Amino acid sequence: MPMRDALDLDIATGSRACVDALDAARASLLGFRADMALHAKAALAADPDCVLAHVLRGSMSMLLSNVAALEGVDRSIAAAARGAGRATPREALHLEALRCWRAGRTRAAIAAWEAILRDHPRDLLALRLSHFAYFWSAADPTGMRASIERVLPAWGPGVPGRGWVLGMHGFACEETGELGAAEIGARAALEANPSDLWSVHALAHVLEMAARHGEGDALAEHAAPHLAGATNFRFHLAWHRALSRMETGSAAAEMLRWYDEAVRDLSSPLVQGQPDLYIDIQNAASLLLRLELAGVDPGDRWDELADRAEARIGDHLVVFTLPHWMMALAAAGRWAACERLLDAMRAHGATSPSEEAGVVAAVAIPAALCVRAHRRGAFAEALDALFPVRHGIARLGGSHAQRDLLWQVMADAARRAGRFAELSTILREVATARAPHPVPGFYRRLAA
């Protein structure tokens, strides 16, 4: 007989220790705690045949978004498949979702998770994994929000875990432009669970998009006591604080120190263990380029990122990372590596069966060409690469705040090329997207 977990969901195992470890692993996933792998290992030690434990381990490997981890995903799928005969229907759908995710069939994976949620709206594993896929791979914030709103009726006041769902809903509301609803959701989530870093993150996005930059430090102080034991996500929260500090006029030396100590802390065991984690590279490359656009010399900091980028040529698992690889390679002057990166992207866009291949061809390659040309001083070429497809930038995934850097590069290229008609268009479109709130200072300086 299956056993019930903390969410009252059936797990096909006879081991209470396995169920308890799965509950702990799910809580670590939701809370961005670095001990998730230890709990997953404990679940498998308690029951090596538990299908959901193997699916969880494979999902953890997929979340790394690194082709080097795919062999481990395949082992997890194979191990889960060997025990599939004992799986519950819900667990079988989890396995199907993992298979599709691994194969680059993101929409099919999302469909499997949504099928779970129709019958089991309190399956937080399915909800969180689909949330990730909607955001990074499908680049579908509307679908992300709708997914959560379909299950919200099952998460009324007093239901344990409700805070996690409110935080995800808050973030989805922000990404669909509903900042008021986003703030309400994020603050309610933090009231229920002050250690919920995803809700801190949702509120950080609200503050950025609403140009309430002075509140960034207060939010960071709220989060600080909860960062011990966190994953690399702590560096992304530091990146958000960096954006606030740039807008409130922090000095160049202070910003570079913040980069070294909080955003790209090379002394951290988290960075040493995963030196090329996709979001860490995005954080670092984005901040360095933003600082350069503001007139700050980052010194030799690009070289370390370029080493990571060069080693990851051919990895297209997170499309939004690709222009960031190019930022690092071009800034370090590694032009041959830039060309190898573009060749790999072209081949992937033309031949890969993954759903994201079309986005690589249509948007990621123009974005990478724009970044490379901008670094070389070929500003008209940079503008011509990305401006015609600028309305497709959202297809790369990532958030409004993250993607804004590509708009900044375009705007800077337009100004430097003397293409004032295109510059005016960019400034108008950025202002419209952010209305009624002010645009970042970078755009205001260009418009002056």
# chains A, B, ... in the order shown; residues from 1 in each chain; ligands from 1
call {"tool": "select_by_dssp", "arguments": {"residues": "stretch 162-339 of chain A", "states": "helix (DSSP H, G or I)", "output": "PyMOL selection string"}}
result
chain A and resi 162-175+179-192+197-209+213-226+233-247+252-263+269-273+278-293+301-311+321-331+335-339
call {"tool": "residues_around", "arguments": {"residues": "stretch 408-418 of chain A", "least_positions_apart": "4", "cutoff": "9 Å", "atoms": "only C-alpha atoms", "output": "count of residues only"}}
result
25
call {"tool": "residues_around", "arguments": {"residues": "stretch 186-199 of chain A", "least_positions_apart": "4", "cutoff": "9 Å", "atoms": "only C-alpha atoms", "output": "list in words"}}
result
Leu30, Gly31, Phe32, Gly161, Arg162, Gly163, Trp164, Val165, Leu166, Gly167, Met168, His169, Gly170, Phe171, Ala181, Ala182, Leu203, Ala204, His222, Ala223, Pro225, His226, Leu227, Ala230, Phe233, Arg234 and Leu237 of chain A
call {"tool": "write_last_selection", "arguments": {"atoms": "C-alpha atoms", "output": "CSV table (one decimal), in the first residue's frame"}}
result
chain,number,residue,atom,x,y,z
A,30,LEU,CA,10.9,25.4,-2.5
A,31,GLY,CA,13.1,27.2,0.0
A,32,PHE,CA,16.3,27.2,-2.2
A,161,GLY,CA,2.4,25.3,2.4
A,162,ARG,CA,0.0,28.1,1.2
A,163,GLY,CA,2.9,30.6,1.5
A,164,TRP,CA,4.9,28.9,-1.2
A,165,VAL,CA,2.0,29.1,-3.6
A,166,LEU,CA,1.3,32.8,-2.8
A,167,GLY,CA,5.0,33.6,-3.5
A,168,MET,CA,4.9,31.9,-6.9
A,169,HIS,CA,1.7,33.7,-7.7
A,170,GLY,CA,3.3,37.0,-6.7
A,171,PHE,CA,6.2,36.5,-9.1
A,181,ALA,CA,-1.3,42.0,-7.0
A,182,ALA,CA,2.3,40.8,-7.1
A,203,LEU,CA,9.1,41.5,-4.1
A,204,ALA,CA,12.5,42.5,-5.4
A,222,HIS,CA,14.9,41.1,5.7
A,223,ALA,CA,16.4,38.3,3.7
A,225,PRO,CA,19.0,36.1,8.3
A,226,HIS,CA,17.6,33.4,6.0
A,227,LEU,CA,20.5,33.2,3.6
A,230,ALA,CA,20.7,28.8,0.9
A,233,PHE,CA,20.1,31.8,-5.4
A,234,ARG,CA,21.5,34.1,-2.8
A,237,LEU,CA,19.2,38.2,-4.7
call {"tool": "closest_atom_pairs", "arguments": {"of": "stretch 219-240 of chain A", "to": "stretch 267-288 of chain A", "cutoff": "8 Å", "atoms": "only C-alpha atoms", "output": "Markdown table"}}
result
| residue | atom | partner | partner_atom | distance |
| --- | --- | --- | --- | --- |
| A:Thr231 | CA | A:Leu270 | CA | 7.2 |
| A:Asn232 | CA | A:Leu270 | CA | 6.1 |
| A:Phe235 | CA | A:Asp280 | CA | 6.8 |
| A:His236 | CA | A:Asn283 | CA | 6.3 |
| A:Trp239 | CA | A:Asn283 | CA | 6.0 |
call {"tool": "closest_residue", "arguments": {"among": "A:Gly214, A:Pro438, A:Gly14, A:Gly58", "to": "A:Leu129", "atoms": "only C-alpha atoms"}}
result
A:Gly58
call {"tool": "residues_around", "arguments": {"residues": "stretch 15-26 of chain A", "least_positions_apart": "3", "cutoff": "9 Å", "atoms": "only C-alpha atoms", "output": "PDB file with N, CA and C atoms, in the first residue's frame"}}
result
ATOM      1  N   MET A   3       2.127   5.051   0.869  1.00  0.00           N
ATOM      2  CA  MET A   3       2.132   5.840   2.086  1.00  0.00           C
ATOM      3  C   MET A   3       1.833   7.288   1.728  1.00  0.00           C
ATOM      4  N   ARG A   4       1.318   8.044   2.702  1.00  0.00           N
ATOM      5  CA  ARG A   4       0.954   9.432   2.461  1.00  0.00           C
ATOM      6  C   ARG A   4       2.073  10.366   2.915  1.00  0.00           C
ATOM      7  N   ASP A   5       2.316  11.408   2.121  1.00  0.00           N
ATOM      8  CA  ASP A   5       3.326  12.388   2.496  1.00  0.00           C
ATOM      9  C   ASP A   5       2.677  13.551   3.240  1.00  0.00           C
ATOM     10  N   ALA A   6       3.451  14.590   3.508  1.00  0.00           N
ATOM     11  CA  ALA A   6       2.949  15.729   4.277  1.00  0.00           C
ATOM     12  C   ALA A   6       1.861  16.504   3.552  1.00  0.00           C
ATOM     13  N   LEU A   7       1.763  16.341   2.231  1.00  0.00           N
ATOM     14  CA  LEU A   7       0.715  16.998   1.447  1.00  0.00           C
ATOM     15  C   LEU A   7      -0.484  16.087   1.227  1.00  0.00           C
ATOM     16  N   ILE A  11       2.570   8.010  -1.988  1.00  0.00           N
ATOM     17  CA  ILE A  11       3.914   7.684  -2.465  1.00  0.00           C
ATOM     18  C   ILE A  11       4.027   6.166  -2.484  1.00  0.00           C
ATOM     19  N   LEU A  29      13.737  22.318  -1.973  1.00  0.00           N
ATOM     20  CA  LEU A  29      13.559  22.843  -3.325  1.00  0.00           C
ATOM     21  C   LEU A  29      12.797  24.153  -3.293  1.00  0.00           C
ATOM     22  N   LEU A  30      11.703  24.183  -2.569  1.00  0.00           N
ATOM     23  CA  LEU A  30      10.876  25.389  -2.506  1.00  0.00           C
ATOM     24  C   LEU A  30      11.595  26.526  -1.796  1.00  0.00           C
ATOM     25  N   GLY A  31      12.421  26.188  -0.819  1.00  0.00           N
ATOM     26  CA  GLY A  31      13.098  27.200  -0.027  1.00  0.00           C
ATOM     27  C   GLY A  31      14.487  27.546  -0.501  1.00  0.00           C
ATOM     28  N   ARG A  33      17.186  25.712  -0.492  1.00  0.00           N
ATOM     29  CA  ARG A  33      18.137  25.281   0.506  1.00  0.00           C
ATOM     30  C   ARG A  33      19.141  24.324  -0.125  1.00  0.00           C
ATOM     31  N   ASP A  35      20.639  21.830   1.008  1.00  0.00           N
ATOM     32  CA  ASP A  35      20.669  20.446   1.483  1.00  0.00           C
ATOM     33  C   ASP A  35      19.699  19.540   0.722  1.00  0.00           C
ATOM     34  N   MET A  36      19.121  20.020  -0.371  1.00  0.00           N
ATOM     35  CA  MET A  36      18.145  19.224  -1.100  1.00  0.00           C
ATOM     36  C   MET A  36      18.739  17.896  -1.561  1.00  0.00           C
ATOM     37  N   ALA A  37      19.960  17.914  -2.061  1.00  0.00           N
ATOM     38  CA  ALA A  37      20.581  16.684  -2.555  1.00  0.00           C
ATOM     39  C   ALA A  37      20.756  15.665  -1.440  1.00  0.00           C
ATOM     40  N   LEU A  38      21.062  16.132  -0.246  1.00  0.00           N
ATOM     41  CA  LEU A  38      21.225  15.216   0.882  1.00  0.00           C
ATOM     42  C   LEU A  38      19.912  14.517   1.201  1.00  0.00           C
ATOM     43  N   HIS A  39      18.806  15.243   1.144  1.00  0.00           N
ATOM     44  CA  HIS A  39      17.503  14.631   1.416  1.00  0.00           C
ATOM     45  C   HIS A  39      17.117  13.653   0.309  1.00  0.00           C
ATOM     46  N   ALA A  40      17.408  14.000  -0.938  1.00  0.00           N
ATOM     47  CA  ALA A  40      17.116  13.083  -2.039  1.00  0.00           C
ATOM     48  C   ALA A  40      17.927  11.802  -1.899  1.00  0.00           C
ATOM     49  N   LYS A  41      19.178  11.941  -1.505  1.00  0.00           N
ATOM     50  CA  LYS A  41      20.037  10.769  -1.285  1.00  0.00           C
ATOM     51  C   LYS A  41      19.485   9.909  -0.155  1.00  0.00           C
ATOM     52  N   ALA A  42      18.986  10.556   0.893  1.00  0.00           N
ATOM     53  CA  ALA A  42      18.420   9.814   2.013  1.00  0.00           C
ATOM     54  C   ALA A  42      17.164   9.060   1.596  1.00  0.00           C
ATOM     55  N   ALA A  43      16.355   9.673   0.734  1.00  0.00           N
ATOM     56  CA  ALA A  43      15.147   8.996   0.251  1.00  0.00           C
ATOM     57  C   ALA A  43      15.505   7.733  -0.512  1.00  0.00           C
ATOM     58  N   LEU A  44      16.498   7.811  -1.367  1.00  0.00           N
ATOM     59  CA  LEU A  44      16.902   6.642  -2.152  1.00  0.00           C
ATOM     60  C   LEU A  44      17.582   5.595  -1.281  1.00  0.00           C
ATOM     61  N   ALA A  45      18.290   6.040  -0.256  1.00  0.00           N
ATOM     62  CA  ALA A  45      18.907   5.074   0.659  1.00  0.00           C
ATOM     63  C   ALA A  45      17.830   4.299   1.414  1.00  0.00           C
ATOM     64  N   ALA A  46      16.743   4.984   1.763  1.00  0.00           N
ATOM     65  CA  ALA A  46      15.657   4.331   2.491  1.00  0.00           C
ATOM     66  C   ALA A  46      14.850   3.391   1.599  1.00  0.00           C
ATOM     67  N   ASP A  47      14.719   3.738   0.322  1.00  0.00           N
ATOM     68  CA  ASP A  47      13.996   2.879  -0.629  1.00  0.00           C
ATOM     69  C   ASP A  47      14.593   3.080  -2.015  1.00  0.00           C
ATOM     70  N   CYS A  50      12.111   3.484  -5.033  1.00  0.00           N
ATOM     71  CA  CYS A  50      11.041   4.494  -5.051  1.00  0.00           C
ATOM     72  C   CYS A  50      11.105   5.313  -6.334  1.00  0.00           C
ATOM     73  N   LEU A  52       9.385   7.988  -7.300  1.00  0.00           N
ATOM     74  CA  LEU A  52       9.383   9.434  -7.134  1.00  0.00           C
ATOM     75  C   LEU A  52      10.734   9.943  -6.642  1.00  0.00           C
ATOM     76  N   ALA A  53      11.431   9.148  -5.851  1.00  0.00           N
ATOM     77  CA  ALA A  53      12.764   9.553  -5.403  1.00  0.00           C
ATOM     78  C   ALA A  53      13.723   9.651  -6.579  1.00  0.00           C
ATOM     79  N   LEU A  56      12.778  12.754  -8.530  1.00  0.00           N
ATOM     80  CA  LEU A  56      13.266  13.945  -7.851  1.00  0.00           C
ATOM     81  C   LEU A  56      14.752  14.155  -8.113  1.00  0.00           C
ATOM     82  N   LEU A 124       3.116  20.174  -4.780  1.00  0.00           N
ATOM     83  CA  LEU A 124       4.028  21.313  -4.891  1.00  0.00           C
ATOM     84  C   LEU A 124       5.235  21.013  -5.761  1.00  0.00           C
ATOM     85  N   LEU A 125       5.606  19.741  -5.888  1.00  0.00           N
ATOM     86  CA  LEU A 125       6.720  19.416  -6.781  1.00  0.00           C
ATOM     87  C   LEU A 125       6.327  19.700  -8.224  1.00  0.00           C
TER      88      LEU A 125
END
call {"tool": "residues_around", "arguments": {"residues": "A:Pro89", "least_positions_apart": "6", "cutoff": "12 Å", "atoms": "only C-alpha atoms", "output": "list of chain:residue names"}}
result
A:Pro2, A:Leu9, A:Asp10, A:Ile11, A:Ala12, A:Val51, A:Leu52, A:Leu95, A:Glu96, A:Ala112, A:Ala115, A:Ile116, A:Asp119, A:His120
call {"tool": "atom_distance", "arguments": {"atom1": "atom CA of A:Gly398", "atom2": "atom CA of A:Ala139"}}
result
7.3 Å
call {"tool": "atom_distance", "arguments": {"atom1": "atom CA of A:Gly72", "atom2": "atom CA of A:Val360"}}
result
25.1 Å
call {"tool": "residues_around", "arguments": {"residues": "A:Ala362", "least_positions_apart": "2", "cutoff": "12 Å", "atoms": "only C-alpha atoms", "output": "list in words"}}
result
Val319, Met345, Arg346, His348, Gly349, Ala350, Glu356, Ala357, Gly358, Val359, Val360, Ala364, Ile365, Pro366, Ala367, Ala368, Leu369, Ala385, Leu386, Pro388, Val389, Arg390, His391, Gly392, Ile393, Ala394, Arg395 and Leu396 of chain A
call {"tool": "write_last_selection", "arguments": {"atoms": "C-alpha atoms", "output": "PDB file, in the first residue's frame"}}
result
ATOM      1  CA  VAL A 319      18.608  29.952 -24.057  1.00  0.00           C
ATOM      2  CA  MET A 345      24.176  28.214 -31.907  1.00  0.00           C
ATOM      3  CA  ARG A 346      23.568  28.163 -35.655  1.00  0.00           C
ATOM      4  CA  HIS A 348      21.591  23.968 -32.803  1.00  0.00           C
ATOM      5  CA  GLY A 349      19.007  26.316 -34.250  1.00  0.00           C
ATOM      6  CA  ALA A 350      19.072  24.490 -37.574  1.00  0.00           C
ATOM      7  CA  GLU A 356      13.814  26.047 -27.926  1.00  0.00           C
ATOM      8  CA  ALA A 357      15.906  25.609 -31.094  1.00  0.00           C
ATOM      9  CA  GLY A 358      13.687  28.010 -32.999  1.00  0.00           C
ATOM     10  CA  VAL A 359      14.213  30.671 -30.347  1.00  0.00           C
ATOM     11  CA  VAL A 360      17.976  30.218 -30.618  1.00  0.00           C
ATOM     12  CA  ALA A 364      19.388  34.300 -29.356  1.00  0.00           C
ATOM     13  CA  ILE A 365      21.713  34.496 -32.360  1.00  0.00           C
ATOM     14  CA  PRO A 366      20.716  38.115 -33.153  1.00  0.00           C
ATOM     15  CA  ALA A 367      21.200  38.976 -29.474  1.00  0.00           C
ATOM     16  CA  ALA A 368      24.652  37.393 -29.447  1.00  0.00           C
ATOM     17  CA  LEU A 369      25.593  39.166 -32.689  1.00  0.00           C
ATOM     18  CA  ALA A 385      21.297  42.609 -35.542  1.00  0.00           C
ATOM     19  CA  LEU A 386      18.759  42.923 -32.727  1.00  0.00           C
ATOM     20  CA  PRO A 388      14.339  44.092 -36.042  1.00  0.00           C
ATOM     21  CA  VAL A 389      13.573  41.206 -33.649  1.00  0.00           C
ATOM     22  CA  ARG A 390      13.484  43.196 -30.396  1.00  0.00           C
ATOM     23  CA  HIS A 391       9.863  42.278 -29.688  1.00  0.00           C
ATOM     24  CA  GLY A 392      10.966  38.644 -29.578  1.00  0.00           C
ATOM     25  CA  ILE A 393      13.486  39.183 -26.774  1.00  0.00           C
ATOM     26  CA  ALA A 394      10.923  37.927 -24.265  1.00  0.00           C
ATOM     27  CA  ARG A 395      11.068  34.541 -25.988  1.00  0.00           C
ATOM     28  CA  LEU A 396      14.552  34.049 -24.544  1.00  0.00           C
TER      29      LEU A 396
END
call {"tool": "atom_distance", "arguments": {"atom1": "atom CA of A:His94", "atom2": "atom CA of A:Arg57"}}
result
11.9 Å
call {"tool": "closest_atom_pairs", "arguments": {"of": "stretch 360-407 of chain A", "to": "stretch 243-259 of chain A", "cutoff": "12 Å", "atoms": "only C-alpha atoms", "output": "tab-separated table"}}
result
residue	atom	partner	partner_atom	distance
A:Ala401	CA	A:Leu243	CA	9.3
A:Gln402	CA	A:Leu243	CA	10.3
A:Asp404	CA	A:Leu243	CA	11.5
A:Leu405	CA	A:Leu243	CA	11.3
call {"tool": "write_last_selection", "arguments": {"atoms": "N, CA and C atoms", "output": "short mmCIF file (atom, residue, chain, number, x, y, z; two decimals), in the first residue's frame"}}
result
data_model
loop_
_atom_site.label_atom_id
_atom_site.label_comp_id
_atom_site.auth_asym_id
_atom_site.auth_seq_id
_atom_site.Cartn_x
_atom_site.Cartn_y
_atom_site.Cartn_z
N ALA A 401 13.31 42.37 -15.72
CA ALA A 401 14.50 43.04 -15.20
C ALA A 401 15.77 42.49 -15.83
N GLN A 402 15.83 41.19 -16.03
CA GLN A 402 17.03 40.58 -16.62
C GLN A 402 17.16 40.94 -18.10
N ASP A 404 16.17 43.46 -19.64
CA ASP A 404 16.36 44.89 -19.89
C ASP A 404 17.77 45.20 -20.36
N LEU A 405 18.75 44.40 -19.96
CA LEU A 405 20.12 44.67 -20.38
C LEU A 405 20.25 44.66 -21.90
#
call {"tool": "closest_residue", "arguments": {"among": "A:Gly229, A:Arg301, A:Ala211, A:Arg340", "to": "A:His437", "atoms": "only C-alpha atoms"}}
result
A:Ala211
call {"tool": "closest_residue", "arguments": {"among": "A:Ala138, A:Leu63, A:Pro121, A:Arg82", "to": "A:Leu98", "atoms": "only C-alpha atoms"}}
result
A:Leu63
